[in-house]
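A.B. asks: The following file, input-v2.csv, comprises CSV, C-alpha atoms:
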```
chain,number,residue,atom,x,y,z
A,1,MET,CA,14.4,-15.5,12.2
A,2,ALA,CA,16.4,-12.3,12.4
A,3,GLY,CA,14.7,-8.9,12.5
A,4,PRO,CA,15.4,-6.2,9.9
A,5,GLU,CA,18.8,-4.6,9.9
A,6,VAL,CA,18.9,-1.3,11.6
A,7,ASN,CA,21.0,1.5,10.3
A,8,GLU,CA,22.1,3.1,13.6
A,9,LYS,CA,23.5,6.1,11.7
A,10,LYS,CA,20.1,7.0,10.4
A,11,LEU,CA,18.2,6.8,13.7
A,12,LYS,CA,18.8,9.0,16.7
A,13,ILE,CA,16.9,7.9,19.8
A,14,ARG,CA,16.3,10.3,22.7
A,15,GLU,CA,15.9,8.6,26.0
A,16,GLY,CA,13.8,10.0,28.9
A,17,ASP,CA,10.3,9.7,30.2
A,18,PHE,CA,9.2,8.9,26.7
A,19,ARG,CA,11.7,7.4,24.3
A,20,SER,CA,11.5,9.3,21.0
A,21,TYR,CA,13.2,9.4,17.7
A,22,GLU,CA,15.0,12.4,16.3
A,23,VAL,CA,14.1,12.4,12.7
A,24,SER,CA,13.6,15.7,10.7
A,25,ALA,CA,10.7,16.3,8.5
A,26,ARG,CA,13.2,16.6,5.6
A,27,GLU,CA,14.5,13.0,6.4
A,28,VAL,CA,10.9,11.7,6.6
A,29,LEU,CA,10.1,13.4,3.2
A,30,SER,CA,13.2,12.1,1.5
A,31,GLY,CA,12.8,8.5,2.7
A,32,THR,CA,9.1,8.4,2.0
A,33,LYS,CA,9.6,9.7,-1.6
A,34,ASN,CA,12.5,7.2,-2.2
A,35,LEU,CA,10.3,4.4,-1.0
A,36,LEU,CA,7.3,5.4,-3.1
A,37,LYS,CA,9.5,5.9,-6.2
A,38,ALA,CA,10.9,2.4,-5.7
A,39,ALA,CA,7.3,1.1,-5.5
A,40,GLY,CA,6.6,2.6,-8.9
A,41,TYR,CA,5.1,6.0,-8.0
A,42,GLU,CA,5.8,9.0,-10.1
A,43,PHE,CA,5.7,12.5,-8.5
A,44,LEU,CA,3.3,15.0,-9.9
A,45,PRO,CA,3.8,18.8,-10.0
A,46,ASN,CA,3.4,20.2,-6.5
A,47,ASP,CA,0.7,22.7,-7.5
A,48,PRO,CA,-1.7,24.1,-4.9
A,49,ILE,CA,-5.0,22.4,-4.3
A,50,GLY,CA,-7.3,25.2,-3.5
A,51,PHE,CA,-5.7,27.0,-0.6
A,52,VAL,CA,-3.3,24.1,0.2
A,53,LYS,CA,0.0,23.2,-1.2
A,54,PRO,CA,0.7,19.6,-0.4
A,55,THR,CA,4.1,18.3,0.5
A,56,PHE,CA,3.9,16.0,-2.4
A,57,ARG,CA,1.5,14.3,-4.9
A,58,ALA,CA,2.3,10.9,-6.3
A,59,ARG,CA,0.6,8.5,-8.7
A,60,ARG,CA,1.2,4.8,-9.6
A,61,GLU,CA,-0.3,3.0,-12.6
A,62,TYR,CA,-0.8,-0.8,-12.1
A,63,SER,CA,-3.0,-3.5,-13.7
A,64,GLY,CA,-5.0,-0.9,-15.7
A,65,ARG,CA,-5.7,1.1,-12.5
A,66,SER,CA,-4.3,4.2,-11.0
A,67,ASN,CA,-3.7,5.4,-7.4
A,68,GLU,CA,-2.9,8.9,-6.5
A,69,ILE,CA,-1.7,10.1,-3.0
A,70,VAL,CA,-1.7,13.6,-1.7
A,71,ALA,CA,0.5,13.9,1.3
A,72,ILE,CA,1.4,16.3,4.0
A,73,VAL,CA,4.6,15.7,6.0
A,74,ARG,CA,4.8,17.1,9.5
A,75,PRO,CA,7.8,16.9,12.0
A,76,GLY,CA,5.8,15.4,14.9
A,77,LEU,CA,2.5,15.2,16.8
A,78,ASN,CA,2.7,18.9,17.8
A,79,LYS,CA,2.0,19.8,14.1
A,80,ALA,CA,-0.2,16.7,13.2
A,81,LEU,CA,-3.5,18.5,13.6
A,82,ASP,CA,-2.3,21.2,11.3
A,83,GLY,CA,-1.5,18.6,8.7
A,84,LEU,CA,-4.9,17.0,9.0
A,85,VAL,CA,-6.5,20.4,8.4
A,86,TYR,CA,-4.5,20.8,5.2
A,87,LEU,CA,-5.6,17.3,4.1
A,88,ALA,CA,-9.3,18.2,4.9
A,89,ALA,CA,-9.0,21.3,2.8
A,90,ALA,CA,-7.4,19.4,-0.1
A,91,ARG,CA,-10.1,16.8,0.1
A,92,GLU,CA,-12.8,19.5,-0.3
A,93,VAL,CA,-11.3,20.2,-3.7
A,94,LEU,CA,-10.4,16.8,-5.0
A,95,GLY,CA,-12.9,14.6,-3.2
A,96,ASP,CA,-12.6,10.8,-3.1
A,97,ALA,CA,-10.6,10.6,-6.3
A,98,VAL,CA,-7.3,10.4,-4.5
A,99,GLU,CA,-5.9,9.1,-1.2
A,100,TYR,CA,-4.7,11.4,1.6
A,101,ALA,CA,-1.8,10.7,3.9
A,102,LEU,CA,-0.4,12.5,6.9
A,103,VAL,CA,3.3,11.5,7.2
A,104,LEU,CA,5.1,11.7,10.5
A,105,PRO,CA,8.4,10.4,11.9
A,106,PRO,CA,8.3,7.5,14.3
A,107,ILE,CA,6.3,8.5,17.4
A,108,ASN,CA,6.5,7.1,20.9
A,109,GLU,CA,3.7,4.5,21.2
A,110,TRP,CA,2.2,6.1,24.4
A,111,LEU,CA,2.1,9.5,22.9
A,112,LEU,CA,0.6,8.2,19.7
A,113,LEU,CA,-2.1,6.4,21.6
A,114,GLU,CA,-2.8,9.5,23.6
A,115,PHE,CA,-3.1,11.6,20.4
A,116,LEU,CA,-5.4,9.1,18.7
A,117,GLY,CA,-7.5,8.2,21.8
A,118,GLY,CA,-7.7,11.5,23.6
A,119,ASP,CA,-11.0,13.4,23.8
A,120,GLY,CA,-13.0,10.3,23.2
A,121,SER,CA,-10.9,9.2,20.2
A,122,ARG,CA,-12.1,12.2,18.3
A,123,VAL,CA,-8.9,12.5,16.2
A,124,ARG,CA,-9.0,8.8,15.2
A,125,ARG,CA,-12.7,9.0,14.3
A,126,GLU,CA,-12.1,12.1,12.1
A,127,ILE,CA,-9.1,10.5,10.3
A,128,THR,CA,-11.2,7.4,9.7
A,129,ALA,CA,-14.4,9.2,8.7
A,130,ARG,CA,-12.4,11.2,6.0
A,131,SER,CA,-10.6,8.0,4.8
A,132,PHE,CA,-7.2,9.6,5.6
A,133,MET,CA,-4.1,7.6,6.3
A,134,LEU,CA,-1.7,8.2,9.2
A,135,TRP,CA,1.7,7.1,8.1
A,136,MET,CA,5.0,7.0,9.9
A,137,TYR,CA,8.3,6.7,8.1
A,138,ASN,CA,11.0,4.9,10.0
A,139,PRO,CA,14.5,5.6,8.5
A,140,ALA,CA,16.0,2.8,10.5
A,141,GLU,CA,13.9,0.2,8.7
A,142,ASP,CA,13.4,2.3,5.6
A,143,ALA,CA,9.7,1.6,5.9
A,144,ILE,CA,6.3,3.2,6.0
A,145,MET,CA,3.7,2.0,8.5
A,146,SER,CA,0.1,3.0,8.2
A,147,PHE,CA,-1.3,3.3,11.7
A,148,VAL,CA,-4.8,4.5,10.7
A,149,GLY,CA,-6.4,4.0,7.4
A,150,GLY,CA,-5.1,2.0,4.4
A,151,SER,CA,-4.4,2.5,0.8
A,152,SER,CA,-6.3,0.7,-2.0
A,153,ASP,CA,-3.0,0.1,-3.8
A,154,PRO,CA,-2.0,-3.5,-3.4
A,155,VAL,CA,1.7,-2.5,-3.0
A,156,PHE,CA,0.8,-1.5,0.6
A,157,ARG,CA,-0.8,-4.8,1.4
A,158,GLY,CA,2.4,-6.9,0.9
A,159,SER,CA,2.7,-8.0,4.5
A,160,LEU,CA,0.1,-10.4,5.9
A,161,LEU,CA,1.4,-9.8,9.4
A,162,LEU,CA,1.5,-6.0,9.1
A,163,PRO,CA,-1.1,-4.7,6.6
A,164,GLY,CA,-0.2,-1.2,5.7
A,165,PHE,CA,3.5,-1.8,6.1
A,166,ILE,CA,5.9,-1.4,3.1
A,167,SER,CA,9.6,-1.4,3.3
A,168,MET,CA,12.4,-1.0,0.8
A,169,ARG,CA,13.4,-4.6,1.6
A,170,MET,CA,10.0,-5.8,0.6
A,171,ILE,CA,10.0,-3.8,-2.7
A,172,GLU,CA,13.5,-5.1,-3.5
A,173,GLN,CA,12.5,-8.7,-2.7
A,174,ARG,CA,9.4,-8.4,-5.0
A,175,GLN,CA,11.5,-6.9,-7.8
A,176,ALA,CA,14.0,-9.8,-7.5
A,177,GLU,CA,11.2,-12.4,-7.5
A,178,GLY,CA,9.8,-10.7,-10.6
A,179,LYS,CA,13.1,-10.8,-12.4
A,180,SER,CA,13.8,-14.4,-11.5
A,181,SER,CA,10.4,-15.6,-12.6
A,182,ALA,CA,10.7,-13.5,-15.8
A,183,GLY,CA,14.1,-15.1,-16.4
A,184,GLU,CA,12.7,-18.6,-16.1
A,185,ARG,CA,10.2,-18.1,-18.9
A,186,LYS,CA,10.9,-20.0,-22.1
A,187,PRO,CA,10.9,-18.2,-25.4
```
Render the structure in this file as structure tokens.
C.D. replies:
Amino acid sequence: MAGPEVNEKKLKIREGDFRSYEVSAREVLSGTKNLLKAAGYEFLPNDPIGFVKPTFRARREYSGRSNEIVAIVRPGLNKALDGLVYLAAAREVLGDAVEYALVLPPINEWLLLEFLGGDGSRVRREITARSFMLWMYNPAEDAIMSFVGGSSDPVFRGSLLLPGFISMRMIEQRQAEGKSSAGERKP
């Protein structure tokens, strides 16, 4: 089975002691919003929540239910704690009524493990205790992967092998399956 097609133009890889990806926060934001829009999310006004102005807020209605996400996008791990502080402040205002996501570009696995596991796994424990999600948007695969936490929205549970993974390819495949099964119905 072939892996996902990689758009080399979208992904710049910096080699060295730690391989890393050169993806701007703007690219991460744009790709994440496009993916969520394709999944059925509508973007809400970006009004401040208390002292915090999120990067975006989005809501999806499905099966008589609703899911809202408040997100902060940061350009890398060096600004990730700042993003988590913003999410914590927003959570103080909105509580458990919405989901909270810190969105980052692809991070080198070793650096991510060090970030989450350092200081006795304090950061990971705090993210988990607050029910936050740590997402990474990968432009090469046009996909979001949740590394910590998970959404209650079933659209993010589409992959049995990678729970918390959603890609444009998966969304398009579901939409095509929905159209073909709708087309097969008899009047």
A.B. asks: Hey, can you check how far atom CA of A:Val103 sits from atom CA of A:Val73?
C.D. replies: 4.6 Å
A.B. asks: Quick one, how far is atom CA of A:Ile49 from atom CA of A:Asn67?
C.D. replies: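 Straight-line distance from atom CA of A:Ile49 to atom CA of A:Asn67 works out to 17.3 Å.
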A.B. asks: Set the distance at 7 Å and use only C-alpha atoms: which residues neighbour stretch 51-64 of chain A once local chain neighbours fewer than 4 positions away are removed? I'd like the list as an mmCIF file with C-alpha atoms, keeping the file's coordinate frame.
C.D. replies:
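Saved result, out_10.cif, follows:
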```cif
data_model
loop_
_atom_site.group_PDB
_atom_site.id
_atom_site.type_symbol
_atom_site.label_atom_id
_atom_site.label_comp_id
_atom_site.auth_asym_id
_atom_site.auth_seq_id
_atom_site.Cartn_x
_atom_site.Cartn_y
_atom_site.Cartn_z
ATOM 1 C CA GLY A 40 6.600 2.600 -8.900
ATOM 2 C CA TYR A 41 5.100 6.000 -8.000
ATOM 3 C CA GLU A 42 5.800 9.000 -10.100
ATOM 4 C CA PHE A 43 5.700 12.500 -8.500
ATOM 5 C CA LEU A 44 3.300 15.000 -9.900
ATOM 6 C CA ASN A 46 3.400 20.200 -6.500
ATOM 7 C CA ASP A 47 0.700 22.700 -7.500
ATOM 8 C CA GLU A 68 -2.900 8.900 -6.500
ATOM 9 C CA ILE A 69 -1.700 10.100 -3.000
ATOM 10 C CA VAL A 70 -1.700 13.600 -1.700
ATOM 11 C CA ALA A 71 0.500 13.900 1.300
ATOM 12 C CA ILE A 72 1.400 16.300 4.000
ATOM 13 C CA VAL A 73 4.600 15.700 6.000
ATOM 14 C CA TYR A 86 -4.500 20.800 5.200
ATOM 15 C CA ALA A 89 -9.000 21.300 2.800
ATOM 16 C CA ALA A 90 -7.400 19.400 -0.100
#
```
A.B. asks: Using all atoms listed in the file, which residue out of A:Ala176, A:Val148, A:Met170, A:Leu113 lies closest to A:Ala39?
C.D. replies: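 Among the listed residues, the smallest separation from A:Ala39 belongs to A:Met170.
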A.B. asks: What is the atom CA of A:Ala129-atom CA of A:Ala88 distance in Å, reported with one decimal?
C.D. replies: 11.0 Å
A.B. asks: Write out as a ChimeraX atom specification which residues come within 9 Å of A:Leu77 when counting all atoms listed in the file, dropping same-chain ones fewer than 6 positions away.
C.D. replies: /A:104,107,111-112,115
A.B. asks: Taking the point (0.8, 2.7, 10.4) as given in the file, collect each protein or nucleic acid residue that comes within 9 Å of it, counting only C-alpha atoms, and present the set as a list in words.
C.D. replies: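 Residues close enough to count: Met133, Leu134, Trp135, Met136, Tyr137, Ile144, Met145, Ser146, Phe147, Val148, Gly149, Gly150, Leu162, Pro163, Gly164 and Phe165 of chain A.
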A.B. asks: Would you save the residues from that selection as a CSV table (one decimal), in the frame of the given file, using C-alpha atoms?
C.D. replies:
```
chain,number,residue,atom,x,y,z
A,133,MET,CA,-4.1,7.6,6.3
A,134,LEU,CA,-1.7,8.2,9.2
A,135,TRP,CA,1.7,7.1,8.1
A,136,MET,CA,5.0,7.0,9.9
A,137,TYR,CA,8.3,6.7,8.1
A,144,ILE,CA,6.3,3.2,6.0
A,145,MET,CA,3.7,2.0,8.5
A,146,SER,CA,0.1,3.0,8.2
A,147,PHE,CA,-1.3,3.3,11.7
A,148,VAL,CA,-4.8,4.5,10.7
A,149,GLY,CA,-6.4,4.0,7.4
A,150,GLY,CA,-5.1,2.0,4.4
A,162,LEU,CA,1.5,-6.0,9.1
A,163,PRO,CA,-1.1,-4.7,6.6
A,164,GLY,CA,-0.2,-1.2,5.7
A,165,PHE,CA,3.5,-1.8,6.1
```
A.B. asks: Pick the closest to A:Ala101 from A:Asp119, A:Gly76, A:Ser151, A:Val28: which is it, counting only C-alpha atoms?
C.D. replies: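 Among A:Asp119, A:Gly76, A:Ser151, A:Val28, it is A:Ser151 that comes nearest to A:Ala101.
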A.B. asks: Go through A:Gly31, A:Gly178, A:Pro105, A:Gly120 and flag the residue nearest A:Pro75, using all atoms listed in the file for the distances.
C.D. replies: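 Closest to A:Pro75, using all atoms listed in the file: A:Pro105.
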A.B. asks: Reconstruct stretch 108-122 of chain A at the level of N, CA, C and O atoms, and format the result as a PDB file, keeping the file's coordinate frame.
C.D. replies:
```pdb
ATOM      1  N   ASN A 108       6.594   7.955  19.706  1.00  0.00           N
ATOM      2  CA  ASN A 108       6.500   7.100  20.900  1.00  0.00           C
ATOM      3  C   ASN A 108       5.071   6.524  20.956  1.00  0.00           C
ATOM      4  O   ASN A 108       4.101   7.255  20.797  1.00  0.00           O
ATOM      5  N   GLU A 109       4.970   5.228  21.221  1.00  0.00           N
ATOM      6  CA  GLU A 109       3.700   4.500  21.200  1.00  0.00           C
ATOM      7  C   GLU A 109       2.676   5.157  22.171  1.00  0.00           C
ATOM      8  O   GLU A 109       1.503   5.305  21.858  1.00  0.00           O
ATOM      9  N   TRP A 110       3.122   5.508  23.372  1.00  0.00           N
ATOM     10  CA  TRP A 110       2.200   6.100  24.400  1.00  0.00           C
ATOM     11  C   TRP A 110       1.681   7.430  23.900  1.00  0.00           C
ATOM     12  O   TRP A 110       0.494   7.725  24.057  1.00  0.00           O
ATOM     13  N   LEU A 111       2.555   8.233  23.339  1.00  0.00           N
ATOM     14  CA  LEU A 111       2.100   9.500  22.900  1.00  0.00           C
ATOM     15  C   LEU A 111       1.170   9.407  21.665  1.00  0.00           C
ATOM     16  O   LEU A 111       0.202  10.158  21.545  1.00  0.00           O
ATOM     17  N   LEU A 112       1.443   8.443  20.805  1.00  0.00           N
ATOM     18  CA  LEU A 112       0.600   8.200  19.700  1.00  0.00           C
ATOM     19  C   LEU A 112      -0.818   7.754  20.143  1.00  0.00           C
ATOM     20  O   LEU A 112      -1.846   8.246  19.663  1.00  0.00           O
ATOM     21  N   LEU A 113      -0.865   6.831  21.088  1.00  0.00           N
ATOM     22  CA  LEU A 113      -2.100   6.400  21.600  1.00  0.00           C
ATOM     23  C   LEU A 113      -2.913   7.501  22.294  1.00  0.00           C
ATOM     24  O   LEU A 113      -4.134   7.608  22.153  1.00  0.00           O
ATOM     25  N   GLU A 114      -2.203   8.355  23.005  1.00  0.00           N
ATOM     26  CA  GLU A 114      -2.800   9.500  23.600  1.00  0.00           C
ATOM     27  C   GLU A 114      -3.408  10.457  22.581  1.00  0.00           C
ATOM     28  O   GLU A 114      -4.525  10.961  22.705  1.00  0.00           O
ATOM     29  N   PHE A 115      -2.643  10.698  21.519  1.00  0.00           N
ATOM     30  CA  PHE A 115      -3.100  11.600  20.400  1.00  0.00           C
ATOM     31  C   PHE A 115      -4.336  11.014  19.759  1.00  0.00           C
ATOM     32  O   PHE A 115      -5.311  11.735  19.536  1.00  0.00           O
ATOM     33  N   LEU A 116      -4.316   9.720  19.439  1.00  0.00           N
ATOM     34  CA  LEU A 116      -5.400   9.100  18.700  1.00  0.00           C
ATOM     35  C   LEU A 116      -6.638   8.832  19.638  1.00  0.00           C
ATOM     36  O   LEU A 116      -7.785   8.862  19.192  1.00  0.00           O
ATOM     37  N   GLY A 117      -6.384   8.559  20.918  1.00  0.00           N
ATOM     38  CA  GLY A 117      -7.500   8.200  21.800  1.00  0.00           C
ATOM     39  C   GLY A 117      -7.983   9.289  22.706  1.00  0.00           C
ATOM     40  O   GLY A 117      -9.027   9.143  23.343  1.00  0.00           O
ATOM     41  N   GLY A 118      -7.284  10.416  22.740  1.00  0.00           N
ATOM     42  CA  GLY A 118      -7.700  11.500  23.600  1.00  0.00           C
ATOM     43  C   GLY A 118      -9.049  12.110  23.124  1.00  0.00           C
ATOM     44  O   GLY A 118      -9.451  11.946  21.970  1.00  0.00           O
ATOM     45  N   ASP A 119      -9.749  12.764  24.050  1.00  0.00           N
ATOM     46  CA  ASP A 119     -11.000  13.400  23.800  1.00  0.00           C
ATOM     47  C   ASP A 119     -12.004  12.439  23.107  1.00  0.00           C
ATOM     48  O   ASP A 119     -12.637  12.735  22.088  1.00  0.00           O
ATOM     49  N   GLY A 120     -12.090  11.247  23.713  1.00  0.00           N
ATOM     50  CA  GLY A 120     -13.000  10.300  23.200  1.00  0.00           C
ATOM     51  C   GLY A 120     -12.676   9.723  21.820  1.00  0.00           C
ATOM     52  O   GLY A 120     -13.562   9.383  21.046  1.00  0.00           O
ATOM     53  N   SER A 121     -11.420   9.670  21.498  1.00  0.00           N
ATOM     54  CA  SER A 121     -10.900   9.200  20.200  1.00  0.00           C
ATOM     55  C   SER A 121     -11.374  10.043  19.034  1.00  0.00           C
ATOM     56  O   SER A 121     -11.518   9.578  17.901  1.00  0.00           O
ATOM     57  N   ARG A 122     -11.587  11.327  19.301  1.00  0.00           N
ATOM     58  CA  ARG A 122     -12.100  12.200  18.300  1.00  0.00           C
ATOM     59  C   ARG A 122     -11.159  12.291  17.054  1.00  0.00           C
ATOM     60  O   ARG A 122     -11.617  12.207  15.916  1.00  0.00           O
TER      61      ARG A 122
END
```
